[in-house]
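**Student:** Input entry.txt, format and content: compact mmCIF, C-alpha atoms and all ligand atoms.
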```
# COMPACT_ATOMS: atom_id res chain seq x y z
CA MET A 169 262.41 104.70 -35.14
CA ASN A 170 261.89 105.06 -38.88
CA ALA A 171 264.03 107.35 -41.03
CA PHE A 172 261.46 110.15 -41.15
CA SER A 173 260.98 110.26 -37.36
CA GLU A 174 264.74 110.12 -36.90
CA LEU A 175 265.24 113.05 -39.26
CA ILE A 176 262.62 115.18 -37.48
CA GLN A 177 264.10 114.26 -34.11
CA HIS A 178 267.53 115.45 -35.31
CA VAL A 179 266.06 118.68 -36.68
CA GLU A 180 264.61 119.33 -33.21
CA GLN A 181 267.76 118.25 -31.37
CA PHE A 182 270.24 120.22 -33.48
CA GLN A 183 268.51 123.57 -33.70
CA ALA A 184 271.86 125.34 -34.01
CA LEU A 185 272.03 123.89 -37.53
CA PRO A 186 269.74 124.86 -40.40
CA PRO A 187 267.27 122.05 -41.12
CA GLU A 188 268.45 122.15 -44.74
CA ALA A 189 271.87 120.89 -43.62
CA LEU A 190 270.39 117.94 -41.75
CA VAL A 191 268.10 116.89 -44.60
CA LYS A 192 271.00 117.21 -47.04
CA GLN A 193 273.37 115.13 -44.94
CA ASP A 194 270.73 112.46 -44.39
CA ILE A 195 270.05 112.17 -48.12
CA LEU A 196 273.76 112.05 -48.90
CA ARG A 197 274.36 109.32 -46.37
CA LEU A 198 271.33 107.16 -47.31
CA GLY A 199 271.09 107.86 -51.04
CA LEU A 200 268.01 108.42 -53.16
CA ARG A 201 265.56 106.37 -55.16
CA PHE A 202 263.40 107.60 -58.01
CA SER A 203 260.01 106.47 -59.26
CA GLU A 204 259.53 105.51 -62.91
CA ALA A 205 257.65 108.77 -63.47
CA ALA A 206 260.44 110.84 -61.90
CA MET A 207 263.01 109.16 -64.15
CA SER A 208 260.90 109.54 -67.28
CA LEU A 209 261.08 113.32 -67.43
CA SER A 210 263.26 114.75 -70.16
CA ALA A 211 265.71 117.62 -70.59
CA PHE A 212 267.42 117.50 -67.23
CA LYS A 213 271.13 117.27 -66.67
CA PRO A 214 271.88 113.58 -66.05
CA LYS A 215 274.30 112.08 -63.58
CA ASP A 216 277.54 112.19 -65.55
CA TYR A 217 279.70 110.04 -63.25
CA PHE A 218 282.30 112.77 -63.17
CA ILE A 219 284.92 110.70 -61.27
CA PHE A 220 283.74 108.07 -58.75
CA SER A 221 280.42 106.22 -58.83
CA PHE A 222 279.04 107.92 -55.72
CA ASP A 223 276.28 105.27 -55.68
CA LEU A 224 275.35 102.80 -52.96
CA VAL A 225 274.78 100.01 -55.45
CA GLU A 226 276.65 98.69 -58.49
CA ILE A 227 275.30 99.53 -61.92
CA LYS A 228 274.74 95.84 -62.71
CA LYS A 229 272.29 95.66 -59.80
CA MET A 230 270.20 98.65 -60.90
CA GLN A 231 266.97 97.02 -62.04
CA ALA A 232 265.57 100.18 -63.62
CA GLU A 233 268.81 101.37 -65.26
CA GLU A 234 268.86 104.28 -62.87
CA HIS A 235 272.48 105.09 -63.76
CA ARG A 236 271.44 106.65 -67.03
CA ARG A 237 268.05 108.04 -65.95
CA VAL A 238 268.58 110.14 -62.83
CA PRO A 239 269.75 113.75 -62.47
CA GLU A 240 273.18 114.80 -61.23
CA GLU A 241 271.63 116.78 -58.42
CA ILE A 242 268.26 117.71 -57.02
CA ARG A 243 267.27 121.04 -55.50
CA ILE A 244 264.68 120.74 -52.77
CA SER A 245 262.60 123.46 -51.13
CA GLY A 246 259.39 124.11 -49.20
CA GLY A 247 257.47 121.40 -47.37
CA ASN A 248 256.55 121.41 -43.69
CA LEU A 249 260.11 122.35 -42.77
CA ASN A 250 259.86 125.35 -45.11
CA LEU A 251 263.23 124.47 -46.59
CA ARG A 252 265.22 127.05 -48.48
CA PRO A 253 266.54 125.83 -51.87
CA THR A 254 269.12 123.14 -51.15
CA VAL A 255 271.27 121.45 -53.79
CA ILE A 256 272.04 117.78 -53.17
CA SER A 257 274.14 115.36 -55.19
CA VAL A 258 272.32 112.20 -56.29
CA ARG A 259 273.61 108.89 -54.92
CA ILE A 260 271.53 106.02 -56.18
CA ASN A 261 270.16 103.61 -53.60
CA PRO A 262 267.08 101.63 -54.65
CA LEU A 263 266.50 100.83 -50.95
CA SER A 264 266.68 104.41 -49.68
CA PRO A 265 263.83 105.76 -47.52
CA TYR A 266 264.07 108.95 -49.61
CA LEU A 267 262.01 108.84 -52.80
CA VAL A 268 261.66 111.34 -55.62
CA ASP A 269 258.28 110.94 -57.29
CA ILE A 270 255.68 112.96 -59.16
CA GLN A 271 252.57 113.85 -57.19
CA ASP A 272 249.89 116.30 -58.34
CA ASN A 273 252.04 117.07 -61.39
CA GLN A 274 254.90 118.20 -59.16
CA LEU A 275 258.21 116.51 -58.43
CA ARG A 276 258.28 115.82 -54.71
CA LEU A 277 260.65 114.28 -52.19
CA SER A 278 259.24 111.99 -49.54
CA CYS A 279 260.77 110.02 -46.71
CA GLU A 280 259.00 106.82 -45.65
CA GLY A 281 255.87 108.11 -47.38
CA GLN A 282 255.90 111.54 -45.69
CA ILE A 283 256.18 114.43 -48.15
CA LEU A 284 259.25 116.52 -47.31
CA ALA A 285 259.82 119.01 -50.10
CA ASP A 286 259.34 120.09 -53.70
CA VAL A 287 262.06 118.98 -56.08
CA GLU A 288 263.72 120.54 -59.13
CA TYR A 289 266.21 119.01 -61.52
CA HIS A 290 269.00 121.06 -63.02
CA PRO A 291 268.06 121.85 -66.63
CA LEU A 292 270.31 120.58 -69.37
CA PRO A 293 272.76 123.42 -70.09
CA ASP A 294 272.70 124.77 -73.67
CA PHE A 295 276.30 123.72 -74.21
CA TYR A 296 275.43 120.06 -73.57
CA PHE A 297 273.96 120.00 -77.10
CA GLU A 298 277.24 121.04 -78.76
CA LYS A 299 279.16 118.53 -80.86
CA LEU A 300 282.82 117.73 -80.37
CA LYS A 301 285.16 116.60 -83.14
CA SER A 302 285.67 113.27 -81.40
CA GLY A 303 281.92 112.65 -81.21
CA LYS A 304 282.11 112.39 -77.41
CA PRO A 305 279.33 114.00 -75.41
CA MET A 306 279.98 117.32 -73.69
CA GLY A 307 278.82 115.75 -70.43
CA GLU A 308 281.66 113.27 -70.67
CA MET A 309 284.32 115.85 -71.49
CA THR A 310 283.30 118.84 -69.37
CA PRO A 311 280.40 117.99 -67.04
CA VAL A 312 279.03 120.64 -64.71
CA LEU A 313 278.07 120.21 -61.07
CA GLU A 314 276.94 122.38 -58.20
CA TRP A 315 273.90 123.63 -60.11
CA GLY A 316 276.08 124.80 -62.98
CA TYR A 317 278.74 126.57 -60.87
CA LEU A 318 281.60 124.08 -61.32
CA ILE A 319 283.05 122.46 -64.45
CA TYR A 320 284.61 119.15 -63.46
CA LEU A 321 287.61 118.01 -65.49
CA THR A 322 288.74 114.48 -64.69
CA ALA A 323 291.79 114.29 -66.95
CA TYR A 324 292.76 110.77 -65.89
CA ARG A 325 290.01 108.36 -64.87
CA MET A 326 292.27 105.83 -63.19
CA CYS A 327 294.65 105.87 -60.25
CA GLN A 328 297.97 104.06 -60.14
CA TYR A 329 297.57 103.24 -56.44
CA PHE A 330 295.21 100.47 -57.60
CA ASN A 331 298.11 98.77 -59.41
CA LYS A 332 299.46 97.47 -56.10
CA ASP A 333 296.16 97.35 -54.23
CA GLU A 334 297.20 100.47 -52.37
CA GLN A 335 294.21 102.59 -53.29
CA CYS A 336 292.43 104.68 -50.71
CA GLN A 337 290.03 102.21 -49.17
CA PHE A 338 286.91 104.33 -49.77
CA CYS A 339 287.71 104.93 -53.46
CA ASP A 340 286.24 103.11 -56.48
CA ILE A 341 287.79 105.16 -59.30
CA ASN A 342 289.35 102.30 -61.33
CA ARG A 343 286.51 99.88 -60.67
CA ASN A 344 283.98 102.53 -61.54
CA PHE A 345 285.85 103.09 -64.81
CA VAL A 346 285.44 99.40 -65.63
CA GLN A 347 281.74 99.30 -64.72
CA GLN A 348 281.00 102.44 -66.76
CA ARG A 349 282.72 100.96 -69.80
CA LYS A 350 280.85 97.68 -69.33
CA ALA A 351 277.61 99.64 -69.13
CA GLY A 352 278.42 101.13 -72.54
CA LYS A 353 279.13 104.67 -71.43
CA PRO A 354 281.76 106.59 -73.39
CA TYR A 355 284.32 107.02 -70.64
CA THR A 356 287.71 108.43 -71.54
CA GLY A 357 290.67 107.02 -69.62
CA ILE A 358 293.01 109.89 -70.42
CA LYS A 359 291.53 113.05 -71.86
CA ASP A 360 293.48 115.07 -74.39
CA PRO A 361 294.10 118.66 -73.28
CA GLU A 362 292.95 119.83 -76.71
CA GLU A 363 289.65 117.92 -76.38
CA ILE A 364 289.04 119.69 -73.10
CA VAL A 365 289.91 123.08 -74.55
CA GLU A 366 287.55 122.45 -77.47
CA ALA A 367 284.69 121.62 -75.08
CA LEU A 368 285.48 124.60 -72.86
CA GLY A 369 285.23 126.79 -75.96
CA HIS A 370 281.52 125.92 -76.16
CA ILE A 371 281.05 126.70 -72.47
CA ASP A 372 282.92 129.97 -72.87
CA ARG A 373 280.59 130.94 -75.69
CA LEU A 374 277.26 129.75 -74.34
CA ASP A 375 277.38 129.75 -70.56
CA THR A 376 277.37 132.37 -67.82
CA LYS A 377 276.73 130.17 -64.78
CA ALA A 378 280.00 128.29 -64.38
CA LYS A 379 282.47 130.24 -62.28
CA ALA A 380 285.14 127.64 -61.58
CA TYR A 381 286.71 124.48 -62.90
CA THR A 382 288.32 121.63 -61.04
CA LEU A 383 291.14 119.72 -62.70
CA THR A 384 291.76 116.30 -61.23
CA GLY A 385 292.28 112.61 -61.82
CA GLY A 386 293.95 109.65 -60.22
CA SER A 387 297.43 109.73 -58.77
CA ILE A 388 300.41 109.01 -61.00
CA ILE A 389 303.10 107.17 -59.08
CA THR A 390 305.57 106.19 -61.77
CA ASP A 391 304.66 108.03 -64.93
CA LEU A 392 301.83 108.27 -67.41
CA GLN A 393 302.53 108.55 -71.13
CA GLY A 394 306.17 109.18 -70.13
CA THR A 395 305.17 112.11 -67.93
CA HIS A 396 305.42 112.57 -64.17
CA GLU A 397 302.42 113.62 -62.13
CA VAL A 398 303.03 117.36 -61.88
CA ASP A 399 303.95 117.66 -65.55
CA PHE A 400 300.90 115.62 -66.53
CA TYR A 401 298.43 117.92 -64.76
CA VAL A 402 300.31 121.15 -65.50
CA ARG A 403 299.87 120.75 -69.24
CA TYR A 404 296.06 120.82 -68.89
CA VAL A 405 296.12 124.03 -66.87
CA GLU A 406 298.55 125.60 -69.31
CA ALA A 407 296.38 124.67 -72.28
CA ILE A 408 293.21 126.00 -70.61
CA GLU A 409 294.72 129.20 -69.28
CA ALA A 410 296.51 129.96 -72.57
CA ARG A 411 293.18 129.87 -74.37
CA PHE A 412 290.88 131.30 -71.65
CA PRO A 413 293.07 133.25 -69.22
CA LYS A 414 291.35 133.56 -65.82
CA ARG A 415 287.95 132.92 -67.43
CA TRP A 416 287.09 130.63 -64.50
CA ILE A 417 288.54 130.15 -61.02
CA SER A 418 290.99 127.28 -61.49
CA LYS A 419 291.26 124.55 -58.90
CA ALA A 420 293.39 121.41 -58.85
CA VAL A 421 292.77 118.28 -56.78
CA VAL A 422 296.10 116.49 -56.79
CA GLN A 423 298.56 115.02 -54.30
CA ALA A 424 300.46 116.97 -51.64
CA PHE A 425 303.43 118.22 -53.65
CA GLU A 426 306.67 119.81 -52.53
CA VAL A 427 306.79 123.60 -52.68
CA GLN A 428 308.63 123.78 -56.01
CA ASP A 429 305.98 121.59 -57.67
CA CYS A 430 303.21 123.68 -56.12
CA GLN A 431 304.91 126.68 -57.68
CA ARG A 432 304.74 124.99 -61.07
CA LEU A 433 300.98 124.51 -60.66
CA LYS A 434 300.61 128.12 -59.57
CA ASP A 435 302.73 129.42 -62.46
CA ALA A 436 300.58 127.40 -64.87
CA GLY A 437 297.48 129.17 -63.53
CA VAL A 438 296.09 127.11 -60.63
CA GLN A 439 294.51 129.40 -58.06
CA ILE A 440 293.10 126.93 -55.55
CA TYR A 441 294.94 123.84 -54.39
CA HIS A 442 293.21 120.77 -52.94
CA PRO A 443 295.79 118.32 -51.53
CA ASN A 444 293.24 116.02 -49.90
CA TYR A 445 294.34 114.33 -46.67
CA GLU A 446 291.17 112.18 -46.62
CA VAL A 447 291.28 111.18 -42.96
CA TRP A 448 293.05 112.54 -39.89
CA GLY A 449 295.70 110.72 -37.88
CA GLU A 450 298.75 108.61 -38.70
CA GLU A 451 297.08 105.32 -37.80
CA LEU A 452 293.86 105.73 -39.74
CA PHE A 453 295.67 107.38 -42.66
CA SER A 454 297.97 104.38 -42.97
CA LYS A 455 295.03 101.95 -42.95
CA ILE A 456 292.74 103.95 -45.21
CA CYS A 457 295.33 105.46 -47.56
CA PRO A 458 298.10 102.83 -47.83
CA GLY A 459 299.43 104.18 -51.12
CA LYS A 460 299.67 107.76 -49.95
CA THR A 461 301.32 106.47 -46.78
CA ARG A 462 304.00 104.55 -48.69
CA VAL A 463 304.76 107.23 -51.23
CA ILE A 464 304.47 110.37 -49.08
CA GLY A 465 303.45 109.53 -45.49
CA PHE A 466 300.99 111.23 -43.17
CA GLU A 467 303.34 113.69 -41.46
CA ARG A 468 304.90 114.75 -44.70
CA TRP A 469 301.48 115.03 -46.34
CA ILE A 470 300.01 117.39 -43.77
CA ASN A 471 303.22 119.44 -43.53
CA ARG A 472 303.26 119.84 -47.31
CA VAL A 473 299.66 121.06 -47.15
CA VAL A 474 300.73 123.83 -44.78
CA GLU A 475 303.90 124.64 -46.76
CA SER A 476 301.89 125.01 -49.96
CA ALA A 477 300.31 128.12 -48.42
CA GLN A 478 303.61 129.90 -49.17
CA VAL A 479 302.74 129.48 -52.84
CA PHE A 480 298.96 129.74 -53.05
CA GLY A 481 298.18 131.77 -49.92
CA ALA A 482 296.55 129.96 -47.01
CA PRO A 483 292.90 130.68 -47.94
CA ASN A 484 293.52 129.09 -51.35
CA VAL A 485 294.72 125.80 -49.89
CA ILE A 486 291.62 123.71 -49.17
CA PRO A 487 292.35 120.06 -48.38
CA ASN A 488 289.40 117.68 -48.35
CA PHE A 489 288.65 114.91 -45.91
CA VAL A 490 286.08 112.19 -46.37
CA GLY A 491 283.54 112.92 -43.65
CA GLY A 492 282.48 109.71 -41.91
CA VAL A 493 285.10 107.32 -43.25
CA GLU A 494 286.71 107.26 -39.80
CA MET A 495 283.55 105.40 -38.70
CA ASN A 496 283.96 102.58 -41.21
CA THR A 497 283.32 99.15 -39.74
CA VAL A 498 286.65 97.67 -40.88
CA CYS A 499 289.13 99.86 -39.03
CA GLY A 500 287.26 102.90 -37.72
CA PHE A 501 285.58 104.23 -34.59
CA SER A 502 282.26 102.85 -33.46
CA ASP A 503 281.55 105.75 -31.10
CA VAL A 504 280.35 108.99 -32.70
CA ASP A 505 281.84 111.34 -30.12
CA ARG A 506 285.27 109.69 -30.25
CA ALA A 507 285.22 109.91 -34.05
CA ILE A 508 284.29 113.59 -33.90
CA ASP A 509 287.00 114.38 -31.32
CA HIS A 510 289.57 112.64 -33.47
CA THR A 511 288.57 114.46 -36.65
CA ALA A 512 288.28 117.79 -34.81
CA GLU A 513 291.90 117.42 -33.69
CA GLY A 514 292.85 117.55 -37.37
CA LEU A 515 290.55 120.47 -38.07
CA ASP A 516 292.14 122.41 -35.24
CA TRP A 517 295.63 121.50 -36.44
CA PHE A 518 294.94 122.87 -39.93
CA MET A 519 292.73 125.80 -39.04
CA SER A 520 295.17 127.06 -36.40
CA ARG A 521 297.70 127.23 -39.25
CA GLY A 522 295.40 129.23 -41.52
CA ILE A 523 294.17 126.31 -43.66
CA VAL A 524 290.44 125.51 -43.83
CA PRO A 525 289.69 121.89 -44.72
CA ARG A 526 286.36 121.06 -46.29
CA PHE A 527 284.66 117.69 -46.37
CA THR A 528 282.70 115.49 -48.71
CA THR A 529 280.24 112.96 -47.29
CA TRP A 530 281.59 109.41 -47.36
CA CYS A 531 279.63 107.18 -49.74
CA PRO A 532 280.26 103.49 -48.93
CA GLU A 533 280.52 102.44 -52.57
CA PRO A 534 280.26 98.69 -53.09
CA LEU A 535 283.28 98.61 -55.41
CA ALA A 536 285.58 100.37 -52.92
CA ALA A 537 287.87 98.21 -50.79
CA LEU A 538 285.90 99.00 -47.62
CA GLY A 539 282.89 97.52 -49.35
CA PRO A 540 279.20 98.19 -48.80
CA GLN A 541 278.36 98.98 -45.20
CA PRO A 542 275.99 101.15 -43.21
CA ALA A 543 276.59 104.89 -43.35
CA PRO A 544 277.60 106.66 -40.12
CA PRO A 545 274.60 107.90 -38.14
CA LEU A 546 273.03 111.27 -38.88
CA ALA A 547 274.15 112.48 -35.44
CA TYR A 548 277.76 112.06 -36.61
CA PHE A 549 277.21 114.50 -39.48
CA ALA A 550 275.30 116.94 -37.28
CA LYS A 551 278.12 116.96 -34.74
CA LEU A 552 280.76 117.20 -37.46
CA LEU A 553 279.08 120.29 -38.93
CA LEU A 554 278.86 121.89 -35.50
CA ARG A 555 282.53 121.22 -34.68
CA TRP A 556 283.75 122.25 -38.12
CA ARG A 557 281.86 125.55 -37.83
CA GLU A 558 282.94 126.12 -34.22
CA ILE A 559 286.64 125.74 -35.10
CA PHE A 560 286.18 127.78 -38.28
CA HIS A 561 284.76 130.68 -36.24
CA HIS A 562 287.27 130.23 -33.43
CA TYR A 563 290.12 131.03 -35.80
CA GLY A 564 288.20 133.78 -37.58
CA HIS A 565 288.21 132.21 -41.04
CA GLN A 566 286.28 133.44 -44.06
CA PRO A 567 284.18 131.27 -46.41
CA PRO A 568 286.47 129.53 -48.88
CA PRO A 569 286.94 130.98 -52.36
CA GLY A 570 285.70 128.98 -55.34
CA TYR A 571 282.58 127.56 -53.69
CA GLY A 572 279.97 130.16 -54.50
CA GLN A 573 277.95 131.88 -51.84
CA PRO A 574 277.60 130.36 -48.37
CA GLY A 575 274.49 129.92 -46.30
CA PRO A 576 271.24 127.98 -46.38
CA GLY A 577 269.30 128.70 -49.55
CA LYS A 578 272.46 129.87 -51.34
CA ALA A 579 275.09 127.13 -51.07
CA VAL A 580 275.65 125.02 -54.19
CA PHE A 581 278.32 122.60 -52.96
CA SER A 582 276.32 119.41 -53.26
CA VAL A 583 278.29 116.62 -51.54
CA SER A 584 278.24 117.95 -47.99
CA ALA A 585 276.51 120.71 -46.07
CA PHE A 586 279.63 122.56 -44.91
CA MET A 587 278.71 125.62 -46.99
CA ASP A 588 275.06 125.44 -45.90
CA VAL A 589 275.93 125.98 -42.23
CA LEU A 590 277.79 129.27 -42.71
CA GLU A 591 276.21 132.71 -42.47
CA PRO A 592 275.02 134.03 -45.82
CA THR A 593 277.08 136.86 -47.31
CA ASN A 594 276.41 139.16 -50.18
CA GLU A 595 279.92 138.80 -51.54
CA PRO A 596 280.12 137.79 -55.18
CA ALA A 597 280.81 134.09 -55.57
S1 LIG B 1 294.59 108.95 -54.56
FE1 LIG B 1 293.13 107.74 -53.42
S2 LIG B 1 291.15 108.85 -53.59
FE2 LIG B 1 292.53 109.66 -55.15
S3 LIG B 1 292.01 108.48 -56.98
FE3 LIG B 1 293.75 107.44 -55.98
S4 LIG B 1 292.86 105.88 -54.68
FE4 LIG B 1 291.22 107.32 -55.24
```
Render the structure in this file as structure tokens.
**Tutor:**
Amino acid sequence: MNAFSELIQHVEQFQALPPEALVKQDILRLGLRFSEAAMSLSAFKPKDYFIFSFDLVEIKKMQAEEHRRVPEEIRISGGNLNLRPTVISVRINPLSPYLVDIQDNQLRLSCEGQILADVEYHPLPDFYFEKLKSGKPMGEMTPVLEWGYLIYLTAYRMCQYFNKDEQCQFCDINRNFVQQRKAGKPYTGIKDPEEIVEALGHIDRLDTKAKAYTLTGGSIITDLQGTHEVDFYVRYVEAIEARFPKRWISKAVVQAFEVQDCQRLKDAGVQIYHPNYEVWGEELFSKICPGKTRVIGFERWINRVVESAQVFGAPNVIPNFVGGVEMNTVCGFSDVDRAIDHTAEGLDWFMSRGIVPRFTTWCPEPLAALGPQPAPPLAYFAKLLLRWREIFHHYGHQPPPGYGQPGPGKAVFSVSAFMDVLEPTNEPA
């Protein structure tokens, strides 16, 4: 069965899910390719490589220099499936069945030659034209994602778990840093808090779309510039919140800290805490996250996630897991239903304690330790969305704060469809 027939078959089989969610998950898992014409348009927001590569091929193998010519995200709509506007992160794969091309003067998405939807690119925000004292581009210092909703601040573009080959096995952060530098991109290893504040000043002045920022970077195991991990990240939040108090919802993606360190983040101004557990279960966690296992350990990690609710409030603790990585071919499940049952055990564990995990879609990046390999089947993602939503409703949770509006046609979270499968609300984002 070709990819198009398989997609349509899944849309028919999983009618409890919006078709937008299935198309989105399939594009995220298989990546996208672009025609010359589709890459030759101007004035769209480019893929800024905000932290990882999130591509299915290395830059050096991109024959058409796609890495500097494709948009960060596409928004698809219409077509035979009558899709509501759906925002999808771009993962480059020159061999993908999904193609963005121009036909009849309109950007269109096709799959195996079958037209699926109209396509839009996110326009270049006005603030992208502003100049910084350092000469660095705004898109390097303060890129936006999620159709302009989220400012993504990667303060530290490396992770010390790589120093001992203990990095999370799906992660290419340090190797992506090297390939971006080799490709000539200005890519700042450690950003200065003042540089970030300067760039945010332009956004504050010129933008009304961004509602949140995420502060993140690699893990710091010993110290960085003589500073321990919590202190390192706290100083960014303090600098931002001193200058722009509560201007945006503040989120931090960092390790699972003890309660007193969580309190320091909270006191500095962090509202939403993302201590990502990546994959459920002691055994898989130890194989996939060897560094986190050595330094913190699975049991302690997940217990710290729950304890952090004392500081942030349970709805504001949103740990991520990498959807699909438990089906990797090196140490994972080969059976979809067993993988889903395993992951659902973790979802139940957290959600029964008031914490709602979210997921990103695993991208088997060639520079990650797991290496290039086939993505999990589309049925895995369909079943994951169904189970996630079922457990979410079972415990009576509300859509997470800091993600914009939920529901098909409204969701902007672009690296999985978890927000697309919830009921729409009219609450402000
Ligand atoms: S903690 Fe893991 S996922 Fe995060 S940057 Fe380090 S290696 Fe990558």
**Student:** Name the residues, by chain letter and number, that sit within 7 Å of ligand LIG 1 (chain B) using only C-alpha atoms and all ligand atoms, and give them as a VMD selection string.
**Tutor:** chain A and resid 326 to 330 335 to 336 339 to 341 385 to 387 457 460
**Student:** Record the distance separating CA of Leu300 in chain A and CA of Leu321 in chain A, expressed in Å with one decimal.
**Tutor:** 15.6 Å
**Student:** Considering only C-alpha atoms, state which residue in the set A:Ser584, A:Gln573, A:Asn496, A:Thr376 is at the smallest distance from Val191 in chain A.
**Tutor:**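 For Val191 in chain A, the nearest of the given residues is A:Ser584.
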**Student:** Considering all atoms listed in the file, state which residue in the set A:Thr529, A:Ser210, A:Gln274, A:Asn444 is at the smallest distance from Pro291 in chain A.
**Tutor:**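 Distance minimum relative to Pro291 in chain A lands on A:Ser210.
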**Student:** Residues within 12 Å of (278.3, 113.1, -71.1), file coordinates, counting all atoms listed in the file: what are they? Give the list as a PyMOL selection string.
**Tutor:** chain A and resi 213-218+236+240+292-293+295-300+303-312+320-321+348+353-356+367
